[in-house]
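Undergrad: My structure is in my_file_0.cif, and what it holds is mmCIF, C-alpha atoms:
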data_entry
#
loop_
_atom_site.group_PDB
_atom_site.id
_atom_site.type_symbol
_atom_site.label_atom_id
_atom_site.label_comp_id
_atom_site.auth_asym_id
_atom_site.auth_seq_id
_atom_site.Cartn_x
_atom_site.Cartn_y
_atom_site.Cartn_z
ATOM 1 C CA MET A 1 -27.629 -53.616 3.705
ATOM 2 C CA PHE A 2 -28.247 -50.905 1.118
ATOM 3 C CA ILE A 3 -26.561 -47.556 1.839
ATOM 4 C CA LYS A 4 -27.636 -44.495 -0.144
ATOM 5 C CA ASP A 5 -24.801 -42.226 -1.299
ATOM 6 C CA ASN A 6 -24.770 -38.598 -2.389
ATOM 7 C CA LYS A 7 -25.236 -39.609 -6.039
ATOM 8 C CA LEU A 8 -28.700 -41.020 -5.235
ATOM 9 C CA THR A 9 -27.481 -44.535 -5.854
ATOM 10 C CA PHE A 10 -27.248 -47.425 -3.422
ATOM 11 C CA LYS A 11 -24.237 -49.372 -2.208
ATOM 12 C CA LEU A 12 -24.614 -53.026 -1.241
ATOM 13 C CA SER A 13 -23.020 -54.669 1.792
ATOM 14 C CA HIS A 14 -23.545 -58.340 2.589
ATOM 15 C CA VAL A 15 -24.141 -58.994 6.304
ATOM 16 C CA LEU A 16 -23.495 -62.574 7.410
ATOM 17 C CA ILE A 17 -24.676 -63.463 10.944
ATOM 18 C CA THR A 18 -23.767 -66.978 12.060
ATOM 19 C CA SER A 19 -25.047 -68.435 15.337
ATOM 20 C CA GLU A 20 -23.349 -71.165 17.336
ATOM 21 C CA LYS A 21 -26.715 -72.304 18.727
ATOM 22 C CA GLU A 22 -28.601 -75.119 16.985
ATOM 23 C CA ASN A 23 -31.986 -73.720 18.107
ATOM 24 C CA PHE A 24 -31.343 -70.170 16.828
ATOM 25 C CA ASP A 25 -34.641 -68.657 15.613
ATOM 26 C CA VAL A 26 -33.943 -67.566 12.029
ATOM 27 C CA THR A 27 -37.539 -66.313 11.676
ATOM 28 C CA ASP A 28 -37.137 -63.596 14.336
ATOM 29 C CA GLU A 29 -37.725 -60.399 12.330
ATOM 30 C CA LYS A 30 -36.598 -58.212 15.247
ATOM 31 C CA PHE A 31 -33.102 -59.703 15.173
ATOM 32 C CA ASN A 32 -30.780 -57.935 12.713
ATOM 33 C CA PHE A 33 -27.443 -56.150 12.313
ATOM 34 C CA TYR A 34 -28.736 -53.106 14.248
ATOM 35 C CA ASN A 35 -30.442 -55.129 16.992
ATOM 36 C CA ILE A 36 -28.206 -57.990 18.140
ATOM 37 C CA LYS A 37 -29.569 -59.477 21.341
ATOM 38 C CA THR A 38 -27.377 -59.857 24.407
ATOM 39 C CA ASP A 39 -27.694 -63.671 24.518
ATOM 40 C CA PHE A 40 -26.399 -64.064 20.948
ATOM 41 C CA GLU A 41 -23.284 -66.183 20.433
ATOM 42 C CA GLY A 42 -21.626 -66.405 17.037
ATOM 43 C CA THR A 43 -20.032 -64.187 14.408
ATOM 44 C CA VAL A 44 -21.081 -61.038 12.541
ATOM 45 C CA THR A 45 -19.282 -60.342 9.255
ATOM 46 C CA VAL A 46 -19.839 -57.447 6.836
ATOM 47 C CA LEU A 47 -18.514 -57.863 3.277
ATOM 48 C CA ASN A 48 -18.528 -55.386 0.411
ATOM 49 C CA ILE A 49 -19.734 -56.143 -3.113
ATOM 50 C CA ASP A 50 -16.324 -57.672 -3.959
ATOM 51 C CA ASP A 51 -16.647 -60.096 -1.011
ATOM 52 C CA LYS A 52 -13.861 -58.342 0.896
ATOM 53 C CA ILE A 53 -14.367 -58.101 4.653
ATOM 54 C CA ASP A 54 -15.196 -54.631 6.004
ATOM 55 C CA SER A 55 -15.712 -55.759 9.609
ATOM 56 C CA TYR A 56 -15.698 -58.982 11.616
ATOM 57 C CA SER A 57 -16.761 -59.667 15.221
ATOM 58 C CA THR A 58 -16.863 -62.832 17.294
ATOM 59 C CA ILE A 59 -19.451 -62.675 20.092
ATOM 60 C CA SER A 60 -19.517 -65.183 22.934
ATOM 61 C CA LYS A 61 -21.052 -65.266 26.430
ATOM 62 C CA LYS A 62 -22.512 -61.754 26.033
ATOM 63 C CA SER A 63 -19.142 -60.177 25.269
ATOM 64 C CA ILE A 64 -16.893 -59.471 22.341
ATOM 65 C CA THR A 65 -14.297 -62.247 22.334
ATOM 66 C CA SER A 66 -10.986 -61.012 23.707
ATOM 67 C CA THR A 67 -8.568 -61.938 26.456
ATOM 68 C CA SER A 68 -8.741 -58.444 27.915
ATOM 69 C CA ASN A 69 -12.001 -56.849 26.718
ATOM 70 C CA LYS A 70 -14.821 -57.464 29.242
ATOM 71 C CA THR A 71 -17.345 -54.979 27.824
ATOM 72 C CA LYS A 72 -20.836 -56.438 27.462
ATOM 73 C CA LEU A 73 -22.312 -56.739 23.984
ATOM 74 C CA GLU A 74 -25.146 -54.281 24.656
ATOM 75 C CA GLU A 75 -22.500 -51.655 25.424
ATOM 76 C CA GLN A 76 -20.929 -52.272 22.014
ATOM 77 C CA VAL A 77 -24.073 -51.482 19.979
ATOM 78 C CA CYS A 78 -23.298 -47.849 19.132
ATOM 79 C CA LEU A 79 -24.295 -45.391 16.402
ATOM 80 C CA TYR A 80 -21.505 -43.906 14.257
ATOM 81 C CA LEU A 81 -21.371 -41.417 11.413
ATOM 82 C CA VAL A 82 -19.285 -43.006 8.656
ATOM 83 C CA LYS A 83 -18.020 -42.029 5.208
ATOM 84 C CA THR A 84 -18.374 -44.831 2.650
ATOM 85 C CA TYR A 85 -16.423 -45.343 -0.579
ATOM 86 C CA ASP A 86 -17.208 -47.033 -3.899
ATOM 87 C CA ASP A 87 -14.923 -49.990 -3.130
ATOM 88 C CA GLY A 88 -17.030 -50.916 -0.094
ATOM 89 C CA SER A 89 -14.628 -49.528 2.518
ATOM 90 C CA PHE A 90 -15.545 -46.845 5.031
ATOM 91 C CA ASP A 91 -14.060 -44.379 7.525
ATOM 92 C CA VAL A 92 -15.647 -43.654 10.900
ATOM 93 C CA ILE A 93 -16.120 -39.875 11.192
ATOM 94 C CA TYR A 94 -17.280 -39.782 14.817
ATOM 95 C CA LEU A 95 -19.312 -41.642 17.437
ATOM 96 C CA ILE A 96 -22.889 -40.307 17.689
ATOM 97 C CA SER A 97 -24.159 -42.269 20.693
ATOM 98 C CA CYS A 98 -23.738 -45.417 22.774
ATOM 99 C CA PRO A 99 -26.050 -46.930 25.420
ATOM 100 C CA ASP A 100 -25.518 -45.178 28.773
ATOM 101 C CA GLN A 101 -23.074 -42.774 27.141
ATOM 102 C CA GLY A 102 -23.187 -39.433 25.428
ATOM 103 C CA GLY A 103 -21.669 -38.711 22.011
ATOM 104 C CA GLY A 104 -17.955 -39.363 21.744
ATOM 105 C CA GLY A 105 -17.960 -42.397 24.066
ATOM 106 C CA ASP A 106 -16.189 -40.767 26.999
ATOM 107 C CA ASN A 107 -14.747 -43.449 29.266
ATOM 108 C CA GLY A 108 -13.588 -41.217 32.064
ATOM 109 C CA GLY A 109 -10.799 -38.765 32.751
ATOM 110 C CA GLY A 110 -11.370 -35.024 33.091
ATOM 111 C CA SER A 111 -10.253 -32.535 35.654
ATOM 112 C CA GLY A 112 -12.621 -33.177 38.571
ATOM 113 C CA GLY A 113 -15.874 -31.592 39.833
ATOM 114 C CA TYR A 114 -17.134 -28.008 39.784
ATOM 115 C CA GLY A 115 -18.096 -27.515 43.426
ATOM 116 C CA ASP A 116 -21.547 -26.019 44.042
ATOM 117 C CA ASN A 117 -22.146 -24.841 40.459
ATOM 118 C CA PRO A 118 -23.838 -27.676 38.497
ATOM 119 C CA ASN A 119 -23.552 -25.891 35.112
ATOM 120 C CA PRO A 120 -20.240 -24.037 34.998
ATOM 121 C CA GLU A 121 -19.021 -22.229 31.909
ATOM 122 C CA PRO A 122 -16.265 -24.214 30.150
ATOM 123 C CA THR A 123 -12.801 -22.733 30.415
ATOM 124 C CA PRO A 124 -10.696 -22.034 27.279
ATOM 125 C CA CYS A 125 -8.662 -25.113 28.221
ATOM 126 C CA GLU A 126 -11.752 -27.303 28.269
ATOM 127 C CA GLU A 127 -13.107 -25.790 25.049
ATOM 128 C CA SER A 128 -9.803 -26.492 23.304
ATOM 129 C CA MET A 129 -9.895 -30.064 24.614
ATOM 130 C CA GLU A 130 -13.438 -30.648 23.318
ATOM 131 C CA GLU A 131 -12.530 -29.242 19.905
ATOM 132 C CA LEU A 132 -9.563 -31.624 19.705
ATOM 133 C CA ILE A 133 -11.675 -34.634 20.736
ATOM 134 C CA ASN A 134 -14.589 -33.800 18.418
ATOM 135 C CA SER A 135 -12.301 -33.430 15.405
ATOM 136 C CA SER A 136 -10.471 -36.739 16.027
ATOM 137 C CA TYR A 137 -11.810 -40.149 15.050
ATOM 138 C CA PRO A 138 -10.784 -43.787 14.348
ATOM 139 C CA THR A 139 -10.151 -44.913 10.783
ATOM 140 C CA SER A 140 -8.692 -47.802 8.763
ATOM 141 C CA GLU A 141 -6.421 -46.526 6.000
ATOM 142 C CA PHE A 142 -3.758 -48.784 4.514
ATOM 143 C CA LEU A 143 -0.426 -46.990 4.023
ATOM 144 C CA GLU A 144 2.197 -49.436 2.788
ATOM 145 C CA SER A 145 3.816 -52.849 3.058
ATOM 146 C CA THR A 146 7.515 -53.680 2.917
ATOM 147 C CA ILE A 147 9.120 -57.090 2.377
ATOM 148 C CA LYS A 148 11.714 -57.543 5.143
ATOM 149 C CA GLU A 149 12.803 -61.084 4.350
ATOM 150 C CA GLU A 150 11.993 -63.615 1.604
ATOM 151 C CA ASN A 151 13.211 -67.022 0.437
ATOM 152 C CA ASN A 152 11.814 -69.919 -1.613
ATOM 153 C CA THR A 153 9.338 -70.992 1.078
ATOM 154 C CA THR A 154 8.515 -68.057 3.368
ATOM 155 C CA ARG A 155 8.505 -64.285 3.488
ATOM 156 C CA ARG A 156 8.090 -61.631 6.175
ATOM 157 C CA LYS A 157 6.274 -58.331 5.513
ATOM 158 C CA ASN A 158 5.815 -55.189 7.573
ATOM 159 C CA TYR A 159 2.450 -53.417 7.240
ATOM 160 C CA LYS A 160 1.588 -49.829 8.178
ATOM 161 C CA TRP A 161 -1.927 -48.374 8.421
ATOM 162 C CA VAL A 162 -3.693 -45.370 9.979
ATOM 163 C CA ILE A 163 -5.960 -46.265 12.926
ATOM 164 C CA PHE A 164 -6.776 -42.756 14.223
ATOM 165 C CA THR A 165 -6.655 -39.240 12.808
ATOM 166 C CA GLY A 166 -7.149 -35.681 13.993
ATOM 167 C CA PRO A 167 -6.083 -32.091 13.277
ATOM 168 C CA GLY A 168 -2.434 -32.244 12.222
ATOM 169 C CA TYR A 169 -1.706 -35.830 13.280
ATOM 170 C CA THR A 170 -2.390 -39.532 12.823
ATOM 171 C CA LEU A 171 -1.917 -42.627 14.975
ATOM 172 C CA ASN A 172 -0.464 -45.412 12.841
ATOM 173 C CA SER A 173 -0.128 -49.107 13.559
ATOM 174 C CA SER A 174 2.632 -51.484 12.497
ATOM 175 C CA GLU A 175 2.056 -55.217 11.982
ATOM 176 C CA THR A 176 4.267 -58.114 10.868
ATOM 177 C CA GLY A 177 2.877 -60.758 8.508
ATOM 178 C CA ILE A 178 4.417 -64.175 7.834
ATOM 179 C CA HIS A 179 3.521 -65.899 4.526
ATOM 180 C CA GLN A 180 4.285 -69.337 3.101
ATOM 181 C CA LYS A 181 4.709 -70.128 -0.596
ATOM 182 C CA VAL A 182 2.380 -72.672 -2.223
ATOM 183 C CA THR A 183 2.101 -74.220 -5.666
ATOM 184 C CA ASN A 184 -0.486 -72.396 -7.747
ATOM 185 C CA SER A 185 -0.583 -71.444 -11.422
ATOM 186 C CA ASN A 186 -2.171 -68.120 -10.469
ATOM 187 C CA PRO A 187 0.647 -65.706 -9.503
ATOM 188 C CA SER A 188 -1.646 -63.818 -7.127
ATOM 189 C CA LEU A 189 -2.384 -67.015 -5.154
ATOM 190 C CA GLN A 190 1.146 -68.326 -4.659
ATOM 191 C CA TRP A 191 1.395 -67.041 -1.082
ATOM 192 C CA GLN A 192 -0.798 -67.841 1.928
ATOM 193 C CA TRP A 193 -1.023 -66.383 5.424
ATOM 194 C CA VAL A 194 0.737 -68.016 8.378
ATOM 195 C CA SER A 195 0.498 -65.298 11.061
ATOM 196 C CA LEU A 196 -0.183 -61.596 11.653
ATOM 197 C CA THR A 197 1.397 -59.940 14.703
ATOM 198 C CA HIS A 198 0.890 -56.418 16.073
ATOM 199 C CA ASN A 199 4.090 -54.447 16.638
ATOM 200 C CA THR A 200 3.332 -50.938 17.879
ATOM 201 C CA ILE A 201 1.162 -47.813 17.616
ATOM 202 C CA TYR A 202 3.019 -44.583 16.845
ATOM 203 C CA LYS A 203 2.111 -40.939 16.213
ATOM 204 C CA GLU A 204 2.964 -38.906 13.125
ATOM 205 C CA GLY A 205 2.510 -35.132 12.802
ATOM 206 C CA VAL A 206 1.860 -32.364 15.335
ATOM 207 C CA VAL A 207 -1.362 -32.256 17.374
ATOM 208 C CA ALA A 208 -3.208 -28.954 16.932
ATOM 209 C CA GLY A 209 -4.720 -27.707 20.197
ATOM 210 C CA GLY A 210 -3.151 -30.143 22.660
ATOM 211 C CA GLU A 211 -1.336 -33.446 22.916
ATOM 212 C CA ILE A 212 -2.277 -37.124 22.744
ATOM 213 C CA SER A 213 -0.948 -40.461 23.933
ATOM 214 C CA ASN A 214 -2.340 -43.971 23.675
ATOM 215 C CA THR A 215 -2.511 -47.335 25.413
ATOM 216 C CA LEU A 216 -3.287 -50.619 23.676
ATOM 217 C CA ILE A 217 -6.133 -52.672 25.200
ATOM 218 C CA TYR A 218 -5.907 -55.650 22.870
ATOM 219 C CA ALA A 219 -4.706 -56.690 19.398
ATOM 220 C CA GLN A 220 -6.691 -59.626 17.997
ATOM 221 C CA PRO A 221 -5.624 -61.160 14.642
ATOM 222 C CA THR A 222 -7.868 -63.453 12.584
ATOM 223 C CA ILE A 223 -5.856 -65.536 10.109
ATOM 224 C CA GLY A 224 -7.335 -66.641 6.789
ATOM 225 C CA GLN A 225 -5.852 -68.225 3.703
ATOM 226 C CA TYR A 226 -5.541 -65.097 1.550
ATOM 227 C CA ASN A 227 -6.936 -62.440 3.922
ATOM 228 C CA SER A 228 -6.103 -61.756 7.553
ATOM 229 C CA ILE A 229 -7.728 -59.242 9.901
ATOM 230 C CA MET A 230 -6.209 -57.183 12.711
ATOM 231 C CA ASP A 231 -8.678 -55.905 15.322
ATOM 232 C CA LEU A 232 -7.221 -53.221 17.619
ATOM 233 C CA ASN A 233 -8.868 -51.753 20.712
ATOM 234 C CA TYR A 234 -7.057 -48.818 22.316
ATOM 235 C CA ASN A 235 -7.454 -45.777 24.539
ATOM 236 C CA VAL A 236 -6.468 -42.274 23.431
ATOM 237 C CA ILE A 237 -5.568 -39.786 26.161
ATOM 238 C CA PHE A 238 -6.161 -36.170 25.111
ATOM 239 C CA SER A 239 -4.351 -33.520 27.172
ATOM 240 C CA SER A 240 -3.898 -29.752 27.139
ATOM 241 C CA THR A 241 -2.000 -27.215 29.297
ATOM 242 C CA LEU A 242 -3.550 -24.034 27.900
ATOM 243 C CA CYS A 243 -4.214 -21.309 30.475
ATOM 244 C CA GLY A 244 -1.766 -22.998 32.845
ATOM 245 C CA LYS A 245 -4.364 -25.593 33.828
ATOM 246 C CA PRO A 246 -3.679 -29.206 32.774
ATOM 247 C CA VAL A 247 -6.754 -31.042 31.481
ATOM 248 C CA SER A 248 -6.942 -34.623 30.237
ATOM 249 C CA LYS A 249 -9.637 -36.990 28.997
ATOM 250 C CA GLU A 250 -9.441 -40.613 27.931
ATOM 251 C CA HIS A 251 -11.608 -42.282 25.260
ATOM 252 C CA ASN A 252 -11.782 -45.843 23.956
ATOM 253 C CA TYR A 253 -11.719 -46.648 20.223
ATOM 254 C CA SER A 254 -11.462 -49.626 17.860
ATOM 255 C CA ALA A 255 -9.932 -50.037 14.413
ATOM 256 C CA VAL A 256 -10.170 -53.103 12.152
ATOM 257 C CA HIS A 257 -8.346 -53.739 8.886
ATOM 258 C CA ASN A 258 -8.383 -56.621 6.400
ATOM 259 C CA PHE A 259 -4.935 -57.356 4.913
ATOM 260 C CA ASN A 260 -4.908 -59.173 1.587
ATOM 261 C CA ILE A 261 -2.001 -61.511 0.837
ATOM 262 C CA ASN A 262 -1.023 -59.267 -2.106
ATOM 263 C CA ASP A 263 -1.209 -55.922 -0.251
#
Taking this structure as input, can you express it in the form of structure tokens?

TA:
Amino acid sequence: MFIKDNKLTFKLSHVLITSEKENFDVTDEKFNFYNIKTDFEGTVTVLNIDDKIDSYSTISKKSITSTSNKTKLEEQVCLYLVKTYDDGSFDVIYLISCPDQGGGGDNGGGSGGYGDNPNPEPTPCEESMEELINSSYPTSEFLESTIKEENNTTRRKNYKWVIFTGPGYTLNSSETGIHQKVTNSNPSLQWQWVSLTHNTIYKEGVVAGGEISNTLIYAQPTIGQYNSIMDLNYNVIFSSTLCGKPVSKEHNYSAVHNFNIND
């Protein structure tokens, strides 16, 4: 994929689509990153120019592979506005549209019906809620890593990264990585991944215009030799009590980050 930036230059991303089917039709010009058919089974990986993974998905039996995520693949093909950077990374600004959904990917919630009026004027509470939702979005920003324990053969690291951000606040995730030491003359390759485990999601800052909470749907690690990926799917519950009327809405989001052994 070639993505044009504001300097009138192009950024290259390498899209690798691997099918598990022996009879997969590689000549099908209609099949691509933006049009993945519902019967596809395999993996879709996007790498930047430095061969670092930007995103990774495993697709099987018409669904994204997960022990708890049952959403069909066609419901996952959505259009996002993203901000890209020179190192090949990107931040999701907001969701533009999804099949059978409006912008923002609303998965329910709200404060009930409006009676006989099909087009009521939004209340100040509801307007404040929409402003909070529209200015909040998922992201993948690495914050820091801290060595908690290390010896001659293994070490344990704690990782922190931002998975969601909005006016005045962020939702951060904490993971624990286990590494093993190997013999290698290259100092940057003397550790390899053993495991990556999700710990918790926590909020930092003060939410402007309301309050938020979250529930984790799934945390799916993918372990490599020198790079491991954490794929988080979670719901964010937006709430407000302005005007004395409580209002809440719940939206589903995903965040994926690639952790290098030397991060």

Undergrad: Tell me which of A:Ile178, A:Thr170, A:Tyr226, A:Met129 sits closest to A:Tyr202, counting all atoms listed in the file.

TA: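 Closest to A:Tyr202, using all atoms listed in the file: A:Thr170.
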
Undergrad: Enter the distance from atom CA of A:Thr154 to atom CA of A:Asn258, in Å, rounded to one decimal.

TA: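 We find that atom CA of A:Thr154 and atom CA of A:Asn258 lie 20.6 Å from each other.
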
Undergrad: For A:Ile229, which residue among A:Ser188, A:Asn260, A:Thr27, A:Ser174 is the nearest when counting only C-alpha atoms?

TA: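 Closest candidate: A:Asn260.
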
Undergrad: Taking the file above as input, evaluate the PyMOL selection byres ((chain A and resi 204) around 6) and report the hits as an MDAnalysis selection string.

TA: chainID A and resid 169:170 203 205

Undergrad: A:Thr165, A:Thr183, A:Thr215, A:Thr176: which is nearest A:Ser145, counting only C-alpha atoms?

TA: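 When distances to A:Ser145 are compared using only C-alpha atoms, the smallest one comes from A:Thr176.
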
Undergrad: Which value, in Å to one decimal, gives the distance between atom CA of A:Ser240 and atom CA of A:Pro138?

TA: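 Distance reported for this atom pair: 20.2 Å.
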
Undergrad: Check the smallest atom-to-atom distance from each of A:Phe238, A:Ser248, A:Leu12, A:Tyr218 to A:Asn134 using all atoms listed in the file, then report the winner.

TA: A:Phe238

Undergrad: Is there a way to get, as a list in words, all residues within 7 Å of the point (1.6, -60.8, 12.6) in file coordinates, counting all atoms listed in the file?

TA: Glu175, Thr176, Gly177, Ile178, Ser195, Leu196, Thr197 and His198 of chain A

Undergrad: What is the distance, in Å and to one decimal place, between atom CA of A:Glu150 and atom CA of A:Gln192?

TA: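 We find that atom CA of A:Glu150 and atom CA of A:Gln192 lie 13.5 Å from each other.
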
Undergrad: Which of these, A:Ser19, A:Ser228, A:Ser173, A:Asn152, has the shortest distance to A:Leu216 once you count all atoms listed in the file?

TA: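 Checking each of A:Ser19, A:Ser228, A:Ser173, A:Asn152 against A:Leu216, counting all atoms listed in the file, the winner is A:Ser173.
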
Undergrad: Determine the residue membership of the PyMOL selection byres ((chain A and resi 16-18) around 7) for the file above and supply it as JSON, numbers by chain.

TA: {"A": [14, 15, 19, 20, 42, 43, 44, 45, 46]}

Undergrad: Write the residues you've just listed into a file as a tab-separated table (two decimals), keeping the file's coordinate frame, and include C-alpha atoms for each of them.

TA:
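Produced file again_15.tsv, reproduced below:
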chain	number	residue	atom	x	y	z
A	14	HIS	CA	-23.54	-58.34	2.59
A	15	VAL	CA	-24.14	-58.99	6.30
A	19	SER	CA	-25.05	-68.44	15.34
A	20	GLU	CA	-23.35	-71.17	17.34
A	42	GLY	CA	-21.63	-66.40	17.04
A	43	THR	CA	-20.03	-64.19	14.41
A	44	VAL	CA	-21.08	-61.04	12.54
A	45	THR	CA	-19.28	-60.34	9.26
A	46	VAL	CA	-19.84	-57.45	6.84

Undergrad: Can you sort out the box for stretch 187-196 of chain A, edges along x, y and z, all listed atoms in, 4 Å on every side, with centre and edge lengths in Å to one decimal, as AutoDock Vina command-line options?

TA:
--center_x -0.5 --center_y -65.0 --center_z 1.1 --size_x 11.8 --size_y 14.7 --size_z 29.2

Undergrad: Compare A:Gln180, A:Gly166, A:Phe40, A:Leu132 by their minimum atom-to-atom distance to A:Glu149, counting only C-alpha atoms, and give me the closest one.

TA: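 Closest candidate: A:Gln180.
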
Undergrad: Give me the result of the PyMOL selection byres ((chain A and resi 133) around 10) on this file, residue by residue, as a list of chain:residue names.

TA: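 Taken on the displayed file, the PyMOL selection byres ((chain A and resi 133) around 10) yields the residues A:Tyr94, A:Gly104, A:Asp106, A:Glu127, A:Ser128, A:Met129, A:Glu130, A:Glu131, A:Leu132, A:Asn134, A:Ser135, A:Ser136, A:Tyr137, A:Gly166, A:Pro167, A:Gly209, A:Gly210, A:Ile212, A:Val236, A:Ile237, A:Phe238, A:Ser239, A:Lys249, A:Glu250, A:His251.
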
Undergrad: Provide stretch 209-223 of chain A rebuilt to N, CA, C and O atoms, formatted as a PDB file, keeping the file's coordinate frame.

TA:
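Written out: out_11.pdb:
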ATOM      1  N   GLY A 209      -3.820 -27.980  19.085  1.00  0.00           N
ATOM      2  CA  GLY A 209      -4.720 -27.707  20.197  1.00  0.00           C
ATOM      3  C   GLY A 209      -4.499 -28.574  21.416  1.00  0.00           C
ATOM      4  O   GLY A 209      -5.320 -28.565  22.336  1.00  0.00           O
ATOM      5  N   GLY A 210      -3.394 -29.313  21.485  1.00  0.00           N
ATOM      6  CA  GLY A 210      -3.151 -30.143  22.660  1.00  0.00           C
ATOM      7  C   GLY A 210      -2.126 -31.211  22.385  1.00  0.00           C
ATOM      8  O   GLY A 210      -1.254 -31.065  21.522  1.00  0.00           O
ATOM      9  N   GLU A 211      -2.243 -32.316  23.091  1.00  0.00           N
ATOM     10  CA  GLU A 211      -1.336 -33.446  22.916  1.00  0.00           C
ATOM     11  C   GLU A 211      -2.120 -34.731  23.130  1.00  0.00           C
ATOM     12  O   GLU A 211      -3.168 -34.734  23.778  1.00  0.00           O
ATOM     13  N   ILE A 212      -1.627 -35.831  22.566  1.00  0.00           N
ATOM     14  CA  ILE A 212      -2.277 -37.124  22.744  1.00  0.00           C
ATOM     15  C   ILE A 212      -1.240 -38.191  23.068  1.00  0.00           C
ATOM     16  O   ILE A 212      -0.061 -38.062  22.745  1.00  0.00           O
ATOM     17  N   SER A 213      -1.710 -39.235  23.735  1.00  0.00           N
ATOM     18  CA  SER A 213      -0.948 -40.461  23.933  1.00  0.00           C
ATOM     19  C   SER A 213      -1.931 -41.609  23.827  1.00  0.00           C
ATOM     20  O   SER A 213      -3.142 -41.400  23.736  1.00  0.00           O
ATOM     21  N   ASN A 214      -1.441 -42.833  23.840  1.00  0.00           N
ATOM     22  CA  ASN A 214      -2.340 -43.971  23.675  1.00  0.00           C
ATOM     23  C   ASN A 214      -1.870 -45.176  24.467  1.00  0.00           C
ATOM     24  O   ASN A 214      -0.682 -45.298  24.793  1.00  0.00           O
ATOM     25  N   THR A 215      -2.809 -46.047  24.786  1.00  0.00           N
ATOM     26  CA  THR A 215      -2.511 -47.335  25.413  1.00  0.00           C
ATOM     27  C   THR A 215      -3.294 -48.413  24.679  1.00  0.00           C
ATOM     28  O   THR A 215      -4.473 -48.240  24.380  1.00  0.00           O
ATOM     29  N   LEU A 216      -2.644 -49.503  24.371  1.00  0.00           N
ATOM     30  CA  LEU A 216      -3.287 -50.619  23.676  1.00  0.00           C
ATOM     31  C   LEU A 216      -4.050 -51.482  24.675  1.00  0.00           C
ATOM     32  O   LEU A 216      -3.506 -51.887  25.700  1.00  0.00           O
ATOM     33  N   ILE A 217      -5.327 -51.776  24.370  1.00  0.00           N
ATOM     34  CA  ILE A 217      -6.133 -52.672  25.200  1.00  0.00           C
ATOM     35  C   ILE A 217      -5.974 -54.110  24.715  1.00  0.00           C
ATOM     36  O   ILE A 217      -5.656 -55.002  25.486  1.00  0.00           O
ATOM     37  N   TYR A 218      -6.187 -54.326  23.428  1.00  0.00           N
ATOM     38  CA  TYR A 218      -5.907 -55.650  22.870  1.00  0.00           C
ATOM     39  C   TYR A 218      -5.663 -55.550  21.374  1.00  0.00           C
ATOM     40  O   TYR A 218      -6.101 -54.609  20.702  1.00  0.00           O
ATOM     41  N   ALA A 219      -4.934 -56.528  20.835  1.00  0.00           N
ATOM     42  CA  ALA A 219      -4.706 -56.690  19.398  1.00  0.00           C
ATOM     43  C   ALA A 219      -5.075 -58.122  19.054  1.00  0.00           C
ATOM     44  O   ALA A 219      -4.406 -59.066  19.491  1.00  0.00           O
ATOM     45  N   GLN A 220      -6.158 -58.300  18.278  1.00  0.00           N
ATOM     46  CA  GLN A 220      -6.691 -59.626  17.997  1.00  0.00           C
ATOM     47  C   GLN A 220      -6.610 -59.923  16.496  1.00  0.00           C
ATOM     48  O   GLN A 220      -7.372 -59.385  15.703  1.00  0.00           O
ATOM     49  N   PRO A 221      -5.673 -60.802  16.060  1.00  0.00           N
ATOM     50  CA  PRO A 221      -5.624 -61.160  14.642  1.00  0.00           C
ATOM     51  C   PRO A 221      -6.567 -62.323  14.328  1.00  0.00           C
ATOM     52  O   PRO A 221      -6.833 -63.174  15.177  1.00  0.00           O
ATOM     53  N   THR A 222      -7.091 -62.330  13.114  1.00  0.00           N
ATOM     54  CA  THR A 222      -7.868 -63.453  12.584  1.00  0.00           C
ATOM     55  C   THR A 222      -7.209 -63.874  11.273  1.00  0.00           C
ATOM     56  O   THR A 222      -7.179 -63.104  10.313  1.00  0.00           O
ATOM     57  N   ILE A 223      -6.666 -65.090  11.237  1.00  0.00           N
ATOM     58  CA  ILE A 223      -5.856 -65.536  10.109  1.00  0.00           C
ATOM     59  C   ILE A 223      -6.702 -66.338   9.132  1.00  0.00           C
ATOM     60  O   ILE A 223      -7.368 -67.307   9.497  1.00  0.00           O
TER      61      ILE A 223
END
